[in-house]
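S.K.: So that we are looking at the same thing, I have put the structure below in structure tokens.
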Amino acid sequence: MEQPPRLASSSGTSQRAHPEENPRPVREQRERKRRPPGAAPRLRLVHAPAPRRARPGPRRPLPARARAPPPARKCAGAGKMAGGVRPLRGLRALCRVLLFLSQFCILSGGESTEIPPYVMKCPSNGLCSRLPADCIDCTTNFSCIYGKPVTFDCAVKPSVTCVDQDFKSQKNFIINMTCRFCWQLPETDYECTNSTSCMTVSCPRQRYPANCTARDHVHCLGNRTFPKMLYCNWTGGYKWSTALALSITLGGFGADRFYLGQWREGLGKLFSFGGLGIWTLIDVLLIGVGYVGPADGSLYI
């Protein structure tokens, strides 16, 4: 076994060189001794030794400010649990509302507090036979003879109270009436809509379609609201006496025609001095018999 060469120190003592401390290997020193003097040195490719790896030492703890917060761990089932909790909360709230409504209905007796509209027309504690037709329900018979008196069994509607002749409360009673339909009633027993667009003073006399309703105290068969064709019968506030007086006194200046709203005829009479008196006499006769009326087609008062 070969021993490493010894190196001379500055103090003159020889020391044995360690292979890791001597950068030149022992083999190279031997070859230099064998090389003859004057010969060029032999070039060789020398690899540098690999650097030593530093051994990992204990890590120093970082200050509290430099430490990064630990990453939040996400639970895979957290989203599913949150999505399932919301429907449960809504279901609980719905159950509470239903429970409150059921208790409220039980305490109130389960009856509705709304008042029917027909109750406003029905007098309380009045005679049942005098109640309006909207307050009672009757079992009518359409096979009765027209114009003959008939009797029908009737009952009051809910929320309506009435009494008999002895002031005792009752629900069922008998009513007497004449056998006829509502559209066959006389004019005094129903009310109709008026029209202001038809001409009352015309030949022949005009009619207009109207919707009529039987009065409350009148009992009849069929629908209480029905259509009818009525004669034009409305007024605009013009007086027949005033028109006749103007025609006699100031007819030559067309005052009667201006009063009735016929301004074209009034201008003609004004500029012709009443048609030299002839037109004035004719208008007196026409207004007197009611042939000439207001321009809007209404009747005199």
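If you're wondering about the labels, chains in the structure tokens are A, B, ... by order shown, residues count from 1 in each chain, ligands from 1 in order shown.
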Show which residues sit within 10 Å of Met199 of chain A, as a short mmCIF file (atom, residue, chain, number, x, y, z; two decimals) with all heavy atoms, in the first residue's frame. Count only C-alpha atoms, and ignore same-chain residues fewer than 5 positions away.
M.R.:
```cif
data_model
loop_
_atom_site.label_atom_id
_atom_site.label_comp_id
_atom_site.auth_asym_id
_atom_site.auth_seq_id
_atom_site.Cartn_x
_atom_site.Cartn_y
_atom_site.Cartn_z
N ARG A 205 -141.33 59.85 -34.58
CA ARG A 205 -140.64 60.00 -33.30
C ARG A 205 -139.59 58.90 -33.16
O ARG A 205 -139.86 57.72 -33.43
CB ARG A 205 -141.65 59.92 -32.17
CG ARG A 205 -141.09 60.38 -30.83
CD ARG A 205 -142.18 60.37 -29.78
NE ARG A 205 -141.65 60.77 -28.47
CZ ARG A 205 -142.38 60.76 -27.36
NH1 ARG A 205 -143.66 60.38 -27.42
NH2 ARG A 205 -141.84 61.11 -26.22
N GLN A 206 -138.41 59.28 -32.74
CA GLN A 206 -137.31 58.33 -32.67
C GLN A 206 -137.36 57.52 -31.37
O GLN A 206 -137.91 57.94 -30.36
CB GLN A 206 -135.96 59.06 -32.76
CG GLN A 206 -135.67 59.66 -34.11
CD GLN A 206 -134.27 60.26 -34.17
OE1 GLN A 206 -133.52 60.23 -33.20
NE2 GLN A 206 -133.91 60.81 -35.33
N ARG A 207 -136.75 56.31 -31.46
CA ARG A 207 -136.59 55.44 -30.30
C ARG A 207 -135.10 55.18 -30.08
O ARG A 207 -134.28 55.35 -30.98
CB ARG A 207 -137.31 54.10 -30.49
CG ARG A 207 -138.84 54.20 -30.52
CD ARG A 207 -139.44 52.85 -30.87
NE ARG A 207 -140.89 52.88 -30.87
CZ ARG A 207 -141.67 52.48 -29.86
NH1 ARG A 207 -141.09 52.03 -28.75
NH2 ARG A 207 -142.98 52.53 -29.94
N TYR A 208 -134.73 54.73 -28.88
CA TYR A 208 -133.34 54.40 -28.54
C TYR A 208 -133.33 53.15 -27.67
O TYR A 208 -134.27 52.91 -26.90
CB TYR A 208 -132.67 55.57 -27.83
CG TYR A 208 -133.16 55.81 -26.43
CD1 TYR A 208 -132.47 55.28 -25.33
CD2 TYR A 208 -134.30 56.57 -26.19
CE1 TYR A 208 -132.92 55.50 -24.04
CE2 TYR A 208 -134.75 56.80 -24.91
CZ TYR A 208 -134.05 56.27 -23.83
OH TYR A 208 -134.50 56.48 -22.56
N TYR A 231 -139.00 55.63 -26.43
CA TYR A 231 -139.04 56.88 -27.19
C TYR A 231 -138.08 57.89 -26.56
O TYR A 231 -137.83 57.88 -25.36
CB TYR A 231 -140.45 57.46 -27.19
CG TYR A 231 -141.42 56.72 -28.07
CD1 TYR A 231 -142.41 55.92 -27.54
CD2 TYR A 231 -141.34 56.84 -29.46
CE1 TYR A 231 -143.31 55.25 -28.34
CE2 TYR A 231 -142.24 56.17 -30.28
CZ TYR A 231 -143.22 55.38 -29.72
OH TYR A 231 -144.10 54.70 -30.52
N CYS A 232 -137.52 58.73 -27.42
CA CYS A 232 -136.61 59.76 -26.93
C CYS A 232 -137.42 60.73 -26.05
O CYS A 232 -138.38 61.36 -26.52
CB CYS A 232 -136.00 60.52 -28.10
SG CYS A 232 -134.90 59.51 -29.11
N ASN A 233 -137.01 60.82 -24.81
CA ASN A 233 -137.76 61.61 -23.85
C ASN A 233 -136.77 62.22 -22.86
O ASN A 233 -136.59 61.74 -21.75
CB ASN A 233 -138.79 60.74 -23.12
CG ASN A 233 -139.70 61.56 -22.24
OD1 ASN A 233 -139.77 62.78 -22.37
ND2 ASN A 233 -140.40 60.89 -21.34
N TRP A 234 -136.11 63.29 -23.30
CA TRP A 234 -135.19 63.99 -22.42
C TRP A 234 -135.26 65.48 -22.72
O TRP A 234 -135.76 65.90 -23.76
CB TRP A 234 -133.76 63.47 -22.60
CG TRP A 234 -133.16 63.72 -23.95
CD1 TRP A 234 -133.42 63.03 -25.11
CD2 TRP A 234 -132.24 64.75 -24.30
NE1 TRP A 234 -132.71 63.55 -26.16
CE2 TRP A 234 -131.97 64.61 -25.69
CE3 TRP A 234 -131.60 65.76 -23.60
CZ2 TRP A 234 -131.10 65.46 -26.36
CZ3 TRP A 234 -130.73 66.60 -24.26
CH2 TRP A 234 -130.48 66.45 -25.64
N GLY A 293 -138.58 72.79 -32.13
CA GLY A 293 -138.08 72.62 -30.77
C GLY A 293 -136.60 72.98 -30.68
O GLY A 293 -136.02 73.53 -31.62
N PRO A 294 -135.97 72.66 -29.55
CA PRO A 294 -134.54 72.97 -29.38
C PRO A 294 -133.68 72.26 -30.42
O PRO A 294 -134.05 71.21 -30.95
CB PRO A 294 -134.24 72.49 -27.97
CG PRO A 294 -135.56 72.49 -27.26
CD PRO A 294 -136.58 72.12 -28.31
N ALA A 295 -132.54 72.88 -30.71
CA ALA A 295 -131.65 72.32 -31.74
C ALA A 295 -131.01 71.02 -31.30
O ALA A 295 -130.59 70.21 -32.15
CB ALA A 295 -130.57 73.36 -32.10
N ASP A 296 -130.86 70.77 -30.00
CA ASP A 296 -130.20 69.52 -29.52
C ASP A 296 -131.13 68.33 -29.53
O ASP A 296 -130.74 67.23 -29.17
CB ASP A 296 -129.62 69.72 -28.12
CG ASP A 296 -130.67 70.19 -27.13
OD1 ASP A 296 -131.84 70.33 -27.50
OD2 ASP A 296 -130.27 70.43 -25.96
N GLY A 297 -132.42 68.52 -29.93
CA GLY A 297 -133.36 67.42 -30.02
C GLY A 297 -134.05 67.08 -28.74
O GLY A 297 -134.75 66.05 -28.66
N SER A 298 -133.93 67.91 -27.71
CA SER A 298 -134.58 67.64 -26.43
C SER A 298 -136.02 68.17 -26.42
O SER A 298 -136.44 68.89 -27.35
CB SER A 298 -133.78 68.26 -25.29
OG SER A 298 -133.70 69.66 -25.43
N LEU A 299 -136.74 67.85 -25.36
CA LEU A 299 -138.12 68.31 -25.19
C LEU A 299 -138.15 69.59 -24.38
O LEU A 299 -137.21 69.93 -23.66
CB LEU A 299 -138.95 67.23 -24.47
CG LEU A 299 -139.19 65.93 -25.23
CD1 LEU A 299 -139.93 64.94 -24.35
CD2 LEU A 299 -139.98 66.18 -26.52
#
```
S.K.: Between segment 173-274 of chain A and segment 128-138 of chain A, at 9 Å or less, what are the per-residue closest atom pairs and their distances in Å? Count only C-alpha atoms, order by chain and rising residue number, and return it as a Markdown table.
M.R.:
```
| residue | atom | partner | partner_atom | distance |
| --- | --- | --- | --- | --- |
| A:Phe173 | CA | A:Cys128 | CA | 7.2 |
| A:Ile174 | CA | A:Ser129 | CA | 7.5 |
| A:Ile175 | CA | A:Ser129 | CA | 6.0 |
| A:Asn176 | CA | A:Ser129 | CA | 8.4 |
| A:Arg215 | CA | A:Pro132 | CA | 8.6 |
| A:Asp216 | CA | A:Pro132 | CA | 4.9 |
| A:His217 | CA | A:Pro132 | CA | 5.1 |
| A:Val218 | CA | A:Ala133 | CA | 7.3 |
| A:His219 | CA | A:Ala133 | CA | 6.3 |
| A:Cys220 | CA | A:Ala133 | CA | 8.8 |
```
S.K.: Using the selection just defined, write its residues with all heavy atoms as a PDB file, in the first residue's frame.
M.R.:
```pdb
ATOM      1  N   PHE A 173    -140.648  31.949   4.316  1.00  0.00           N
ATOM      2  CA  PHE A 173    -141.940  32.625   4.330  1.00  0.00           C
ATOM      3  C   PHE A 173    -142.552  32.517   2.940  1.00  0.00           C
ATOM      4  O   PHE A 173    -141.915  32.043   1.989  1.00  0.00           O
ATOM      5  CB  PHE A 173    -141.795  34.092   4.757  1.00  0.00           C
ATOM      6  CG  PHE A 173    -140.851  34.880   3.903  1.00  0.00           C
ATOM      7  CD1 PHE A 173    -141.331  35.647   2.839  1.00  0.00           C
ATOM      8  CD2 PHE A 173    -139.480  34.857   4.134  1.00  0.00           C
ATOM      9  CE1 PHE A 173    -140.459  36.371   2.046  1.00  0.00           C
ATOM     10  CE2 PHE A 173    -138.611  35.585   3.336  1.00  0.00           C
ATOM     11  CZ  PHE A 173    -139.102  36.340   2.294  1.00  0.00           C
ATOM     12  N   ILE A 174    -143.784  32.992   2.800  1.00  0.00           N
ATOM     13  CA  ILE A 174    -144.539  32.956   1.543  1.00  0.00           C
ATOM     14  C   ILE A 174    -144.768  34.390   1.084  1.00  0.00           C
ATOM     15  O   ILE A 174    -145.102  35.263   1.885  1.00  0.00           O
ATOM     16  CB  ILE A 174    -145.882  32.217   1.723  1.00  0.00           C
ATOM     17  CG1 ILE A 174    -145.619  30.764   2.100  1.00  0.00           C
ATOM     18  CG2 ILE A 174    -146.716  32.295   0.451  1.00  0.00           C
ATOM     19  CD1 ILE A 174    -146.893  29.989   2.410  1.00  0.00           C
ATOM     20  N   ILE A 175    -144.603  34.611  -0.220  1.00  0.00           N
ATOM     21  CA  ILE A 175    -144.778  35.941  -0.785  1.00  0.00           C
ATOM     22  C   ILE A 175    -145.848  35.896  -1.873  1.00  0.00           C
ATOM     23  O   ILE A 175    -145.967  34.912  -2.620  1.00  0.00           O
ATOM     24  CB  ILE A 175    -143.434  36.473  -1.348  1.00  0.00           C
ATOM     25  CG1 ILE A 175    -143.543  37.958  -1.674  1.00  0.00           C
ATOM     26  CG2 ILE A 175    -143.019  35.683  -2.572  1.00  0.00           C
ATOM     27  CD1 ILE A 175    -142.225  38.586  -2.055  1.00  0.00           C
ATOM     28  N   ASN A 176    -146.664  36.963  -1.940  1.00  0.00           N
ATOM     29  CA  ASN A 176    -147.722  37.086  -2.948  1.00  0.00           C
ATOM     30  C   ASN A 176    -147.279  38.071  -4.031  1.00  0.00           C
ATOM     31  O   ASN A 176    -146.737  39.139  -3.732  1.00  0.00           O
ATOM     32  CB  ASN A 176    -149.024  37.582  -2.300  1.00  0.00           C
ATOM     33  CG  ASN A 176    -149.537  36.622  -1.246  1.00  0.00           C
ATOM     34  OD1 ASN A 176    -149.488  35.407  -1.430  1.00  0.00           O
ATOM     35  ND2 ASN A 176    -150.041  37.155  -0.131  1.00  0.00           N
ATOM     36  N   ARG A 215    -137.630  47.857 -10.015  1.00  0.00           N
ATOM     37  CA  ARG A 215    -137.400  48.472  -8.713  1.00  0.00           C
ATOM     38  C   ARG A 215    -137.275  47.405  -7.624  1.00  0.00           C
ATOM     39  O   ARG A 215    -137.722  46.268  -7.789  1.00  0.00           O
ATOM     40  CB  ARG A 215    -138.526  49.457  -8.395  1.00  0.00           C
ATOM     41  CG  ARG A 215    -138.623  50.605  -9.405  1.00  0.00           C
ATOM     42  CD  ARG A 215    -139.696  51.606  -9.002  1.00  0.00           C
ATOM     43  NE  ARG A 215    -139.851  52.652 -10.005  1.00  0.00           N
ATOM     44  CZ  ARG A 215    -139.121  53.755 -10.051  1.00  0.00           C
ATOM     45  NH1 ARG A 215    -138.181  53.975  -9.153  1.00  0.00           N
ATOM     46  NH2 ARG A 215    -139.345  54.661 -11.002  1.00  0.00           N
ATOM     47  N   ASP A 216    -136.673  47.831  -6.498  1.00  0.00           N
ATOM     48  CA  ASP A 216    -136.358  46.852  -5.451  1.00  0.00           C
ATOM     49  C   ASP A 216    -137.604  46.227  -4.827  1.00  0.00           C
ATOM     50  O   ASP A 216    -137.609  45.034  -4.507  1.00  0.00           O
ATOM     51  CB  ASP A 216    -135.517  47.527  -4.355  1.00  0.00           C
ATOM     52  CG  ASP A 216    -134.148  47.935  -4.863  1.00  0.00           C
ATOM     53  OD1 ASP A 216    -133.690  47.339  -5.862  1.00  0.00           O
ATOM     54  OD2 ASP A 216    -133.537  48.857  -4.271  1.00  0.00           O
ATOM     55  N   HIS A 217    -138.654  46.973  -4.646  1.00  0.00           N
ATOM     56  CA  HIS A 217    -139.841  46.453  -3.951  1.00  0.00           C
ATOM     57  C   HIS A 217    -140.783  45.696  -4.885  1.00  0.00           C
ATOM     58  O   HIS A 217    -141.827  45.207  -4.432  1.00  0.00           O
ATOM     59  CB  HIS A 217    -140.615  47.607  -3.292  1.00  0.00           C
ATOM     60  CG  HIS A 217    -141.199  48.575  -4.282  1.00  0.00           C
ATOM     61  ND1 HIS A 217    -140.466  49.582  -4.875  1.00  0.00           N
ATOM     62  CD2 HIS A 217    -142.462  48.673  -4.806  1.00  0.00           C
ATOM     63  CE1 HIS A 217    -141.230  50.278  -5.692  1.00  0.00           C
ATOM     64  NE2 HIS A 217    -142.449  49.735  -5.681  1.00  0.00           N
ATOM     65  N   VAL A 218    -140.445  45.606  -6.174  1.00  0.00           N
ATOM     66  CA  VAL A 218    -141.298  44.934  -7.152  1.00  0.00           C
ATOM     67  C   VAL A 218    -140.771  43.525  -7.379  1.00  0.00           C
ATOM     68  O   VAL A 218    -139.570  43.337  -7.619  1.00  0.00           O
ATOM     69  CB  VAL A 218    -141.358  45.726  -8.472  1.00  0.00           C
ATOM     70  CG1 VAL A 218    -142.199  44.982  -9.499  1.00  0.00           C
ATOM     71  CG2 VAL A 218    -141.912  47.115  -8.226  1.00  0.00           C
ATOM     72  N   HIS A 219    -141.660  42.529  -7.328  1.00  0.00           N
ATOM     73  CA  HIS A 219    -141.298  41.136  -7.556  1.00  0.00           C
ATOM     74  C   HIS A 219    -141.868  40.691  -8.904  1.00  0.00           C
ATOM     75  O   HIS A 219    -143.046  40.941  -9.214  1.00  0.00           O
ATOM     76  CB  HIS A 219    -141.850  40.240  -6.441  1.00  0.00           C
ATOM     77  CG  HIS A 219    -141.313  40.592  -5.086  1.00  0.00           C
ATOM     78  ND1 HIS A 219    -140.084  40.183  -4.636  1.00  0.00           N
ATOM     79  CD2 HIS A 219    -141.864  41.330  -4.078  1.00  0.00           C
ATOM     80  CE1 HIS A 219    -139.875  40.639  -3.415  1.00  0.00           C
ATOM     81  NE2 HIS A 219    -140.949  41.339  -3.049  1.00  0.00           N
ATOM     82  N   CYS A 220    -141.033  40.030  -9.682  1.00  0.00           N
ATOM     83  CA  CYS A 220    -141.442  39.587 -11.011  1.00  0.00           C
ATOM     84  C   CYS A 220    -140.640  38.351 -11.383  1.00  0.00           C
ATOM     85  O   CYS A 220    -139.717  37.941 -10.664  1.00  0.00           O
ATOM     86  CB  CYS A 220    -141.251  40.709 -12.043  1.00  0.00           C
ATOM     87  SG  CYS A 220    -139.566  41.362 -12.078  1.00  0.00           S
TER      88      CYS A 220
END
```
S.K.: By how many Å are atom CA of Pro158 of chain A and atom CA of Leu127 of chain A apart?
M.R.: 16.0 Å
S.K.: Which residue out of A:Ile248, A:Gly254, A:Leu221, A:Ala214 has the minimum interatomic distance to Phe152 of chain A when only C-alpha atoms are used?
M.R.: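 For Phe152 of chain A, the nearest of the candidates is A:Leu221.
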S.K.: Within 9 Å of segment 140-142 of chain A, counting only C-alpha atoms, which residues qualify if same-chain residues fewer than 2 places away don't, as number ranges by chain?
M.R.: A: 138, 144-145, 151-154, 179-180, 221-222
S.K.: May I have the selected residues written with all heavy atoms, as a PDB file, in the first residue's frame?
M.R.:
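Output below, filename again.pdb:
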```pdb
ATOM      1  N   CYS A 138    -136.432  32.820  -4.122  1.00  0.00           N
ATOM      2  CA  CYS A 138    -137.767  32.240  -4.232  1.00  0.00           C
ATOM      3  C   CYS A 138    -137.770  31.122  -5.271  1.00  0.00           C
ATOM      4  O   CYS A 138    -137.045  31.172  -6.266  1.00  0.00           O
ATOM      5  CB  CYS A 138    -138.802  33.301  -4.626  1.00  0.00           C
ATOM      6  SG  CYS A 138    -138.942  34.656  -3.436  1.00  0.00           S
ATOM      7  N   CYS A 144    -147.457  29.665 -14.428  1.00  0.00           N
ATOM      8  CA  CYS A 144    -148.624  30.390 -13.918  1.00  0.00           C
ATOM      9  C   CYS A 144    -149.292  31.165 -15.044  1.00  0.00           C
ATOM     10  O   CYS A 144    -148.706  31.383 -16.116  1.00  0.00           O
ATOM     11  CB  CYS A 144    -148.211  31.322 -12.782  1.00  0.00           C
ATOM     12  SG  CYS A 144    -146.980  32.569 -13.254  1.00  0.00           S
ATOM     13  N   ILE A 145    -150.509  31.610 -14.801  1.00  0.00           N
ATOM     14  CA  ILE A 145    -151.283  32.352 -15.804  1.00  0.00           C
ATOM     15  C   ILE A 145    -150.945  33.836 -15.683  1.00  0.00           C
ATOM     16  O   ILE A 145    -150.918  34.399 -14.591  1.00  0.00           O
ATOM     17  CB  ILE A 145    -152.784  32.120 -15.594  1.00  0.00           C
ATOM     18  CG1 ILE A 145    -153.099  30.620 -15.715  1.00  0.00           C
ATOM     19  CG2 ILE A 145    -153.614  32.903 -16.625  1.00  0.00           C
ATOM     20  CD1 ILE A 145    -154.539  30.268 -15.411  1.00  0.00           C
ATOM     21  N   THR A 151    -148.568  32.657  -5.341  1.00  0.00           N
ATOM     22  CA  THR A 151    -147.765  32.641  -4.115  1.00  0.00           C
ATOM     23  C   THR A 151    -146.543  31.756  -4.345  1.00  0.00           C
ATOM     24  O   THR A 151    -146.653  30.685  -4.958  1.00  0.00           O
ATOM     25  CB  THR A 151    -148.585  32.111  -2.932  1.00  0.00           C
ATOM     26  OG1 THR A 151    -149.079  30.802  -3.244  1.00  0.00           O
ATOM     27  CG2 THR A 151    -149.753  33.046  -2.623  1.00  0.00           C
ATOM     28  N   PHE A 152    -145.402  32.191  -3.842  1.00  0.00           N
ATOM     29  CA  PHE A 152    -144.153  31.446  -3.978  1.00  0.00           C
ATOM     30  C   PHE A 152    -143.484  31.326  -2.604  1.00  0.00           C
ATOM     31  O   PHE A 152    -143.622  32.212  -1.746  1.00  0.00           O
ATOM     32  CB  PHE A 152    -143.194  32.148  -4.957  1.00  0.00           C
ATOM     33  CG  PHE A 152    -143.706  32.209  -6.373  1.00  0.00           C
ATOM     34  CD1 PHE A 152    -143.890  33.422  -7.011  1.00  0.00           C
ATOM     35  CD2 PHE A 152    -144.011  31.044  -7.059  1.00  0.00           C
ATOM     36  CE1 PHE A 152    -144.351  33.478  -8.309  1.00  0.00           C
ATOM     37  CE2 PHE A 152    -144.477  31.101  -8.367  1.00  0.00           C
ATOM     38  CZ  PHE A 152    -144.657  32.313  -8.991  1.00  0.00           C
ATOM     39  N   ASP A 153    -142.794  30.201  -2.422  1.00  0.00           N
ATOM     40  CA  ASP A 153    -142.024  29.977  -1.198  1.00  0.00           C
ATOM     41  C   ASP A 153    -140.655  30.632  -1.340  1.00  0.00           C
ATOM     42  O   ASP A 153    -139.937  30.380  -2.320  1.00  0.00           O
ATOM     43  CB  ASP A 153    -141.854  28.481  -0.937  1.00  0.00           C
ATOM     44  CG  ASP A 153    -143.188  27.799  -0.667  1.00  0.00           C
ATOM     45  OD1 ASP A 153    -144.092  28.477  -0.152  1.00  0.00           O
ATOM     46  OD2 ASP A 153    -143.319  26.592  -0.990  1.00  0.00           O
ATOM     47  N   CYS A 154    -140.308  31.441  -0.356  1.00  0.00           N
ATOM     48  CA  CYS A 154    -139.053  32.187  -0.400  1.00  0.00           C
ATOM     49  C   CYS A 154    -138.265  31.971   0.883  1.00  0.00           C
ATOM     50  O   CYS A 154    -138.815  31.575   1.913  1.00  0.00           O
ATOM     51  CB  CYS A 154    -139.307  33.690  -0.596  1.00  0.00           C
ATOM     52  SG  CYS A 154    -140.215  34.081  -2.109  1.00  0.00           S
ATOM     53  N   CYS A 179    -148.377  37.176 -11.576  1.00  0.00           N
ATOM     54  CA  CYS A 179    -147.647  36.349 -12.543  1.00  0.00           C
ATOM     55  C   CYS A 179    -147.374  37.174 -13.804  1.00  0.00           C
ATOM     56  O   CYS A 179    -148.253  37.374 -14.650  1.00  0.00           O
ATOM     57  CB  CYS A 179    -148.484  35.109 -12.883  1.00  0.00           C
ATOM     58  SG  CYS A 179    -147.676  34.022 -14.076  1.00  0.00           S
ATOM     59  N   ARG A 180    -146.127  37.641 -13.930  1.00  0.00           N
ATOM     60  CA  ARG A 180    -145.681  38.371 -15.117  1.00  0.00           C
ATOM     61  C   ARG A 180    -144.148  38.481 -15.072  1.00  0.00           C
ATOM     62  O   ARG A 180    -143.551  38.461 -13.987  1.00  0.00           O
ATOM     63  CB  ARG A 180    -146.309  39.756 -15.212  1.00  0.00           C
ATOM     64  CG  ARG A 180    -146.036  40.637 -14.021  1.00  0.00           C
ATOM     65  CD  ARG A 180    -146.843  41.900 -14.084  1.00  0.00           C
ATOM     66  NE  ARG A 180    -146.712  42.694 -12.869  1.00  0.00           N
ATOM     67  CZ  ARG A 180    -147.426  43.796 -12.623  1.00  0.00           C
ATOM     68  NH1 ARG A 180    -148.316  44.219 -13.515  1.00  0.00           N
ATOM     69  NH2 ARG A 180    -147.268  44.464 -11.504  1.00  0.00           N
ATOM     70  N   LEU A 221    -140.971  37.742 -12.518  1.00  0.00           N
ATOM     71  CA  LEU A 221    -140.319  36.534 -13.007  1.00  0.00           C
ATOM     72  C   LEU A 221    -139.219  36.906 -14.001  1.00  0.00           C
ATOM     73  O   LEU A 221    -139.294  37.930 -14.676  1.00  0.00           O
ATOM     74  CB  LEU A 221    -141.345  35.611 -13.668  1.00  0.00           C
ATOM     75  CG  LEU A 221    -142.524  35.154 -12.805  1.00  0.00           C
ATOM     76  CD1 LEU A 221    -143.488  34.296 -13.614  1.00  0.00           C
ATOM     77  CD2 LEU A 221    -142.050  34.396 -11.582  1.00  0.00           C
ATOM     78  N   GLY A 222    -138.217  36.043 -14.103  1.00  0.00           N
ATOM     79  CA  GLY A 222    -137.152  36.247 -15.075  1.00  0.00           C
ATOM     80  C   GLY A 222    -136.078  37.197 -14.564  1.00  0.00           C
ATOM     81  O   GLY A 222    -135.957  37.480 -13.369  1.00  0.00           O
TER      82      GLY A 222
END
```
S.K.: Excluding same-chain residues fewer than 4 positions from Phe273 of chain A, what lies within 8 Å of it counting only C-alpha atoms, as a PyMOL selection string?
M.R.: chain A and resi 252-253+269+277
S.K.: Write to file, as a short mmCIF file (atom, residue, chain, number, x, y, z; two decimals), in the first residue's frame, the residues of the selection just made, with N, CA and C atoms.
M.R.:
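Final output, saved to result-v8.cif:
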```
data_model
loop_
_atom_site.label_atom_id
_atom_site.label_comp_id
_atom_site.auth_asym_id
_atom_site.auth_seq_id
_atom_site.Cartn_x
_atom_site.Cartn_y
_atom_site.Cartn_z
N GLY A 252 -139.15 89.03 -35.20
CA GLY A 252 -138.63 89.67 -36.39
C GLY A 252 -137.12 89.80 -36.39
N PHE A 253 -136.50 89.76 -35.22
CA PHE A 253 -135.04 89.82 -35.12
C PHE A 253 -134.40 88.43 -34.89
N LYS A 269 -133.37 85.40 -40.16
CA LYS A 269 -134.49 86.26 -39.77
C LYS A 269 -134.02 87.67 -39.41
N GLY A 277 -141.91 89.79 -42.12
CA GLY A 277 -143.06 89.50 -41.27
C GLY A 277 -143.69 88.15 -41.54
#
```
S.K.: What is the atom CA of Lys239 of chain A to atom CA of Tyr291 of chain A distance in Å?
M.R.: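 About the pair atom CA of Lys239 of chain A and atom CA of Tyr291 of chain A: they are 14.0 Å apart.
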